[in-house]
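**Q** Can you read through this structure? Questions will come right after.
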Amino acid sequence: MADVKLGTVEARFAEIIWRNEPLTTGQLVKICAAQLQWKRTTTYTVLKKLSEKGIFKTENSIVRAVISRQEFEALQSEQFVDENFKGSLPAFLAAFGTRKKLTDKEIDEMKALIEKMRG
């Protein structure tokens with residue numbers, strides 16, 4: 001999955017699917033009409049685009065996520081670090097820490113995460 005970036009409207013659309021899946025394409029069209037003021041064709045166009053990115057799939061008019069919201073967020077985070085910090089998580093954290101000091105609780109949580117990732 002090369003490109004996991006979504007624009008603001010695409011992200012709202014994706015959130016609709018994640019919150020309501022599985023759902024029929026007809027249900028998706030109705031929700032998008034109500035929440036995004038989209039026509040049916042717009043819903044199908046954006047669904048096709050996000051399906052081509054490997055985020056969603058439609059089989060027998062049922063829309064499902066290929067990857068969960070959490071997996072998507074992890075992919076976006078990895079892509080951001082790769083593109084902006086040459087893949088270096090420590091470089092990202094160093095840059096983040098120059099503007100925001102971490103609380104003791106946040107540091108403890110990060111240490112716990114690191115230990116979990118190690119084992």
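Following the order of the structure tokens, first chain is A, next is B, and so on, with residues numbered from 1 inside each chain and ligands from 1 in the order they appear.
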What are the closest atom pairs, with distances in Å to one decimal, for each residue of stretch 65-96 of chain A lying within 12 Å of stretch 20-35 of chain A, using only C-alpha atoms, rows by chain and rising residue number, as JSON lines?
**A**
{"residue": "A:Ala65", "atom": "CA", "partner": "A:Glu21", "partner_atom": "CA", "distance": 7.3}
{"residue": "A:Val66", "atom": "CA", "partner": "A:Glu21", "partner_atom": "CA", "distance": 10.9}
{"residue": "A:Ile67", "atom": "CA", "partner": "A:Glu21", "partner_atom": "CA", "distance": 11.8}
{"residue": "A:Ser68", "atom": "CA", "partner": "A:Glu21", "partner_atom": "CA", "distance": 10.6}
{"residue": "A:Arg69", "atom": "CA", "partner": "A:Glu21", "partner_atom": "CA", "distance": 11.6}
**Q** Can you tell me, as a list in words, which residues in chain A count as strand (DSSP E or B) by DSSP?
**A**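 Here are the strand (DSSP E or B) residues of chain A: Leu23, Thr24, Phe56, Lys57, Thr58, Glu59, Ile62, Val63, Arg64 and Ala65 of chain A.
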**Q** Return as a CSV table (one decimal) with N, CA and C atoms, in the first residue's frame the full set of residues in chain A whose backbone-based DSSP assignment is helix (DSSP H, G or I).
**A**
chain,number,residue,atom,x,y,z
A,8,THR,N,-9.2,15.6,3.6
A,8,THR,CA,-10.2,15.8,4.7
A,8,THR,C,-11.5,15.1,4.4
A,9,VAL,N,-12.0,15.3,3.2
A,9,VAL,CA,-13.3,14.7,2.8
A,9,VAL,C,-13.2,13.2,2.7
A,10,GLU,N,-12.1,12.7,2.2
A,10,GLU,CA,-11.9,11.3,2.1
A,10,GLU,C,-11.8,10.7,3.5
A,11,ALA,N,-11.2,11.4,4.4
A,11,ALA,CA,-11.1,10.9,5.7
A,11,ALA,C,-12.5,10.8,6.4
A,12,ARG,N,-13.3,11.8,6.2
A,12,ARG,CA,-14.7,11.7,6.7
A,12,ARG,C,-15.5,10.6,6.1
A,13,PHE,N,-15.3,10.3,4.8
A,13,PHE,CA,-15.9,9.2,4.1
A,13,PHE,C,-15.4,7.9,4.7
A,14,ALA,N,-14.1,7.8,4.9
A,14,ALA,CA,-13.6,6.5,5.4
A,14,ALA,C,-14.1,6.3,6.8
A,15,GLU,N,-14.2,7.3,7.6
A,15,GLU,CA,-14.8,7.2,9.0
A,15,GLU,C,-16.2,6.7,8.9
A,16,ILE,N,-17.0,7.1,8.0
A,16,ILE,CA,-18.4,6.6,7.8
A,16,ILE,C,-18.4,5.1,7.6
A,17,ILE,N,-17.5,4.7,6.7
A,17,ILE,CA,-17.4,3.2,6.5
A,17,ILE,C,-17.0,2.5,7.7
A,18,TRP,N,-15.9,2.9,8.3
A,18,TRP,CA,-15.4,2.2,9.5
A,18,TRP,C,-16.4,2.1,10.6
A,19,ARG,N,-17.1,3.2,10.8
A,19,ARG,CA,-18.1,3.3,11.9
A,19,ARG,C,-19.4,2.4,11.6
A,20,ASN,N,-19.7,2.1,10.3
A,20,ASN,CA,-20.9,1.5,9.9
A,20,ASN,C,-20.8,0.1,9.3
A,25,THR,N,-23.9,-0.8,-0.4
A,25,THR,CA,-23.6,0.4,-1.2
A,25,THR,C,-24.8,1.4,-1.1
A,26,GLY,N,-26.0,0.9,-1.1
A,26,GLY,CA,-27.2,1.7,-1.0
A,26,GLY,C,-27.2,2.5,0.4
A,27,GLN,N,-26.9,1.8,1.4
A,27,GLN,CA,-26.8,2.4,2.7
A,27,GLN,C,-25.7,3.5,2.8
A,28,LEU,N,-24.6,3.2,2.1
A,28,LEU,CA,-23.5,4.1,2.1
A,28,LEU,C,-23.9,5.4,1.3
A,29,VAL,N,-24.6,5.2,0.2
A,29,VAL,CA,-25.1,6.3,-0.6
A,29,VAL,C,-26.0,7.2,0.3
A,30,LYS,N,-26.9,6.6,1.0
A,30,LYS,CA,-27.9,7.4,1.9
A,30,LYS,C,-27.1,8.1,3.0
A,31,ILE,N,-26.2,7.5,3.6
A,31,ILE,CA,-25.4,8.1,4.7
A,31,ILE,C,-24.6,9.3,4.1
A,32,CYS,N,-24.0,9.1,3.0
A,32,CYS,CA,-23.1,10.2,2.4
A,32,CYS,C,-24.0,11.3,1.9
A,33,ALA,N,-25.2,11.0,1.4
A,33,ALA,CA,-26.1,12.1,1.0
A,33,ALA,C,-26.5,12.9,2.2
A,34,ALA,N,-26.8,12.3,3.4
A,34,ALA,CA,-27.2,13.0,4.6
A,34,ALA,C,-26.0,13.7,5.2
A,35,GLN,N,-24.9,13.1,5.3
A,35,GLN,CA,-23.8,13.7,6.1
A,35,GLN,C,-22.8,14.5,5.3
A,36,LEU,N,-22.7,14.2,4.0
A,36,LEU,CA,-21.7,14.9,3.2
A,36,LEU,C,-22.4,15.7,2.0
A,40,ARG,N,-25.1,10.1,-5.5
A,40,ARG,CA,-24.7,8.7,-5.6
A,40,ARG,C,-23.4,8.6,-6.4
A,41,THR,N,-23.2,9.3,-7.5
A,41,THR,CA,-22.0,9.1,-8.3
A,41,THR,C,-20.8,9.5,-7.5
A,42,THR,N,-20.9,10.6,-6.7
A,42,THR,CA,-19.7,11.0,-5.9
A,42,THR,C,-19.3,9.9,-4.9
A,43,THR,N,-20.3,9.3,-4.3
A,43,THR,CA,-20.0,8.3,-3.3
A,43,THR,C,-19.3,7.1,-4.0
A,44,TYR,N,-19.8,6.7,-5.2
A,44,TYR,CA,-19.2,5.6,-5.9
A,44,TYR,C,-17.8,5.9,-6.4
A,45,THR,N,-17.6,7.1,-6.8
A,45,THR,CA,-16.3,7.6,-7.3
A,45,THR,C,-15.2,7.5,-6.2
A,46,VAL,N,-15.6,8.1,-5.0
A,46,VAL,CA,-14.6,8.1,-3.9
A,46,VAL,C,-14.4,6.6,-3.3
A,47,LEU,N,-15.5,5.9,-3.3
A,47,LEU,CA,-15.4,4.5,-2.9
A,47,LEU,C,-14.4,3.7,-3.8
A,48,LYS,N,-14.5,3.9,-5.1
A,48,LYS,CA,-13.6,3.3,-6.0
A,48,LYS,C,-12.2,3.7,-5.8
A,49,LYS,N,-12.0,5.0,-5.6
A,49,LYS,CA,-10.6,5.5,-5.4
A,49,LYS,C,-10.0,4.9,-4.1
A,50,LEU,N,-10.8,4.8,-3.0
A,50,LEU,CA,-10.2,4.3,-1.8
A,50,LEU,C,-10.1,2.7,-1.9
A,51,SER,N,-10.9,2.1,-2.7
A,51,SER,CA,-10.7,0.7,-2.9
A,51,SER,C,-9.5,0.4,-3.7
A,52,GLU,N,-9.2,1.3,-4.7
A,52,GLU,CA,-7.9,1.1,-5.5
A,52,GLU,C,-6.7,1.3,-4.6
A,69,ARG,N,-9.2,1.0,11.0
A,69,ARG,CA,-8.8,2.4,11.2
A,69,ARG,C,-7.5,2.5,11.9
A,70,GLN,N,-7.2,1.6,12.9
A,70,GLN,CA,-6.0,1.5,13.6
A,70,GLN,C,-4.8,1.2,12.7
A,71,GLU,N,-5.0,0.2,11.8
A,71,GLU,CA,-4.0,-0.2,10.8
A,71,GLU,C,-3.7,1.0,9.9
A,72,PHE,N,-4.7,1.7,9.5
A,72,PHE,CA,-4.6,2.8,8.6
A,72,PHE,C,-3.8,3.9,9.3
A,73,GLU,N,-4.1,4.2,10.5
A,73,GLU,CA,-3.4,5.3,11.3
A,73,GLU,C,-1.9,4.9,11.5
A,74,ALA,N,-1.6,3.6,11.7
A,74,ALA,CA,-0.3,3.1,11.8
A,74,ALA,C,0.5,3.3,10.5
A,75,LEU,N,-0.1,3.0,9.4
A,75,LEU,CA,0.5,3.1,8.1
A,75,LEU,C,0.8,4.6,7.8
A,76,GLN,N,-0.2,5.5,8.1
A,76,GLN,CA,0.0,6.9,8.0
A,76,GLN,C,1.2,7.4,8.8
A,77,SER,N,1.3,7.0,10.0
A,77,SER,CA,2.4,7.4,10.9
A,77,SER,C,3.7,6.9,10.4
A,78,GLU,N,3.8,5.7,9.9
A,78,GLU,CA,5.0,5.2,9.3
A,78,GLU,C,5.4,6.0,8.1
A,79,GLN,N,4.5,6.3,7.3
A,79,GLN,CA,4.7,7.0,6.0
A,79,GLN,C,5.2,8.4,6.4
A,80,PHE,N,4.6,9.1,7.4
A,80,PHE,CA,5.0,10.4,7.8
A,80,PHE,C,6.5,10.4,8.3
A,81,VAL,N,6.8,9.4,9.1
A,81,VAL,CA,8.2,9.3,9.7
A,81,VAL,C,9.2,9.0,8.5
A,82,ASP,N,8.8,8.1,7.6
A,82,ASP,CA,9.7,7.8,6.5
A,82,ASP,C,9.9,9.0,5.6
A,83,GLU,N,8.9,9.8,5.3
A,83,GLU,CA,9.0,10.9,4.4
A,83,GLU,C,9.7,12.1,5.0
A,84,ASN,N,9.5,12.3,6.3
A,84,ASN,CA,10.0,13.6,7.0
A,84,ASN,C,11.2,13.4,7.9
A,85,PHE,N,11.5,12.2,8.3
A,85,PHE,CA,12.6,11.9,9.2
A,85,PHE,C,13.4,10.8,8.7
A,89,LEU,N,12.5,7.0,13.9
A,89,LEU,CA,11.6,7.3,14.9
A,89,LEU,C,12.3,8.2,16.0
A,90,PRO,N,13.5,7.9,16.4
A,90,PRO,CA,14.2,8.8,17.3
A,90,PRO,C,14.3,10.2,16.8
A,91,ALA,N,14.6,10.4,15.6
A,91,ALA,CA,14.6,11.8,15.0
A,91,ALA,C,13.3,12.5,15.1
A,92,PHE,N,12.2,11.7,14.9
A,92,PHE,CA,10.9,12.3,15.0
A,92,PHE,C,10.6,12.7,16.4
A,93,LEU,N,10.9,11.8,17.4
A,93,LEU,CA,10.7,12.1,18.8
A,93,LEU,C,11.5,13.3,19.3
A,94,ALA,N,12.8,13.4,18.8
A,94,ALA,CA,13.6,14.5,19.1
A,94,ALA,C,13.0,15.8,18.6
A,95,ALA,N,12.5,15.8,17.4
A,95,ALA,CA,11.9,17.0,16.9
A,95,ALA,C,10.6,17.3,17.6
A,96,PHE,N,9.8,16.3,17.9
A,96,PHE,CA,8.6,16.5,18.7
A,96,PHE,C,8.9,17.1,20.1
A,97,GLY,N,10.0,16.6,20.7
A,97,GLY,CA,10.3,17.0,22.0
A,97,GLY,C,10.9,18.5,22.1
A,104,ASP,N,5.6,13.1,33.0
A,104,ASP,CA,6.2,11.8,33.5
A,104,ASP,C,5.3,10.7,33.1
A,105,LYS,N,4.0,10.9,33.1
A,105,LYS,CA,3.0,9.8,32.7
A,105,LYS,C,3.3,9.4,31.3
A,106,GLU,N,3.4,10.4,30.4
A,106,GLU,CA,3.6,10.1,29.0
A,106,GLU,C,5.0,9.4,28.8
A,107,ILE,N,6.0,9.8,29.5
A,107,ILE,CA,7.3,9.1,29.4
A,107,ILE,C,7.1,7.6,29.9
A,108,ASP,N,6.4,7.4,31.0
A,108,ASP,CA,6.2,6.1,31.5
A,108,ASP,C,5.4,5.2,30.4
A,109,GLU,N,4.4,5.8,29.8
A,109,GLU,CA,3.6,5.1,28.8
A,109,GLU,C,4.5,4.8,27.6
A,110,MET,N,5.4,5.7,27.2
A,110,MET,CA,6.2,5.4,26.1
A,110,MET,C,7.2,4.3,26.4
A,111,LYS,N,7.8,4.3,27.6
A,111,LYS,CA,8.7,3.3,28.1
A,111,LYS,C,8.0,1.9,28.0
A,112,ALA,N,6.7,1.9,28.5
A,112,ALA,CA,6.0,0.6,28.5
A,112,ALA,C,5.8,0.1,27.0
A,113,LEU,N,5.5,1.1,26.1
A,113,LEU,CA,5.3,0.7,24.7
A,113,LEU,C,6.6,0.1,24.1
A,114,ILE,N,7.7,0.8,24.5
A,114,ILE,CA,9.0,0.3,23.9
A,114,ILE,C,9.3,-1.1,24.5
A,115,GLU,N,9.0,-1.3,25.7
A,115,GLU,CA,9.3,-2.7,26.3
A,115,GLU,C,8.3,-3.7,25.6
A,116,LYS,N,7.1,-3.3,25.4
A,116,LYS,CA,6.2,-4.2,24.7
A,116,LYS,C,6.6,-4.6,23.3
A,117,MET,N,7.1,-3.5,22.6
A,117,MET,CA,7.6,-3.7,21.2
A,117,MET,C,8.9,-4.6,21.2
A,118,ARG,N,9.7,-4.5,22.2
A,118,ARG,CA,11.0,-5.2,22.3
A,118,ARG,C,10.7,-6.7,22.5
**Q** So how far away is atom CA of A:Lys5 from atom CA of A:Arg64, in Å?
**A** 18.9 Å
**Q** For the atom pair atom CA of A:Gly54 and atom CA of A:Leu6, what is the interatomic distance in Å to one decimal place?
**A**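 Calculated distance between atom CA of A:Gly54 and atom CA of A:Leu6 is 12.4 Å.
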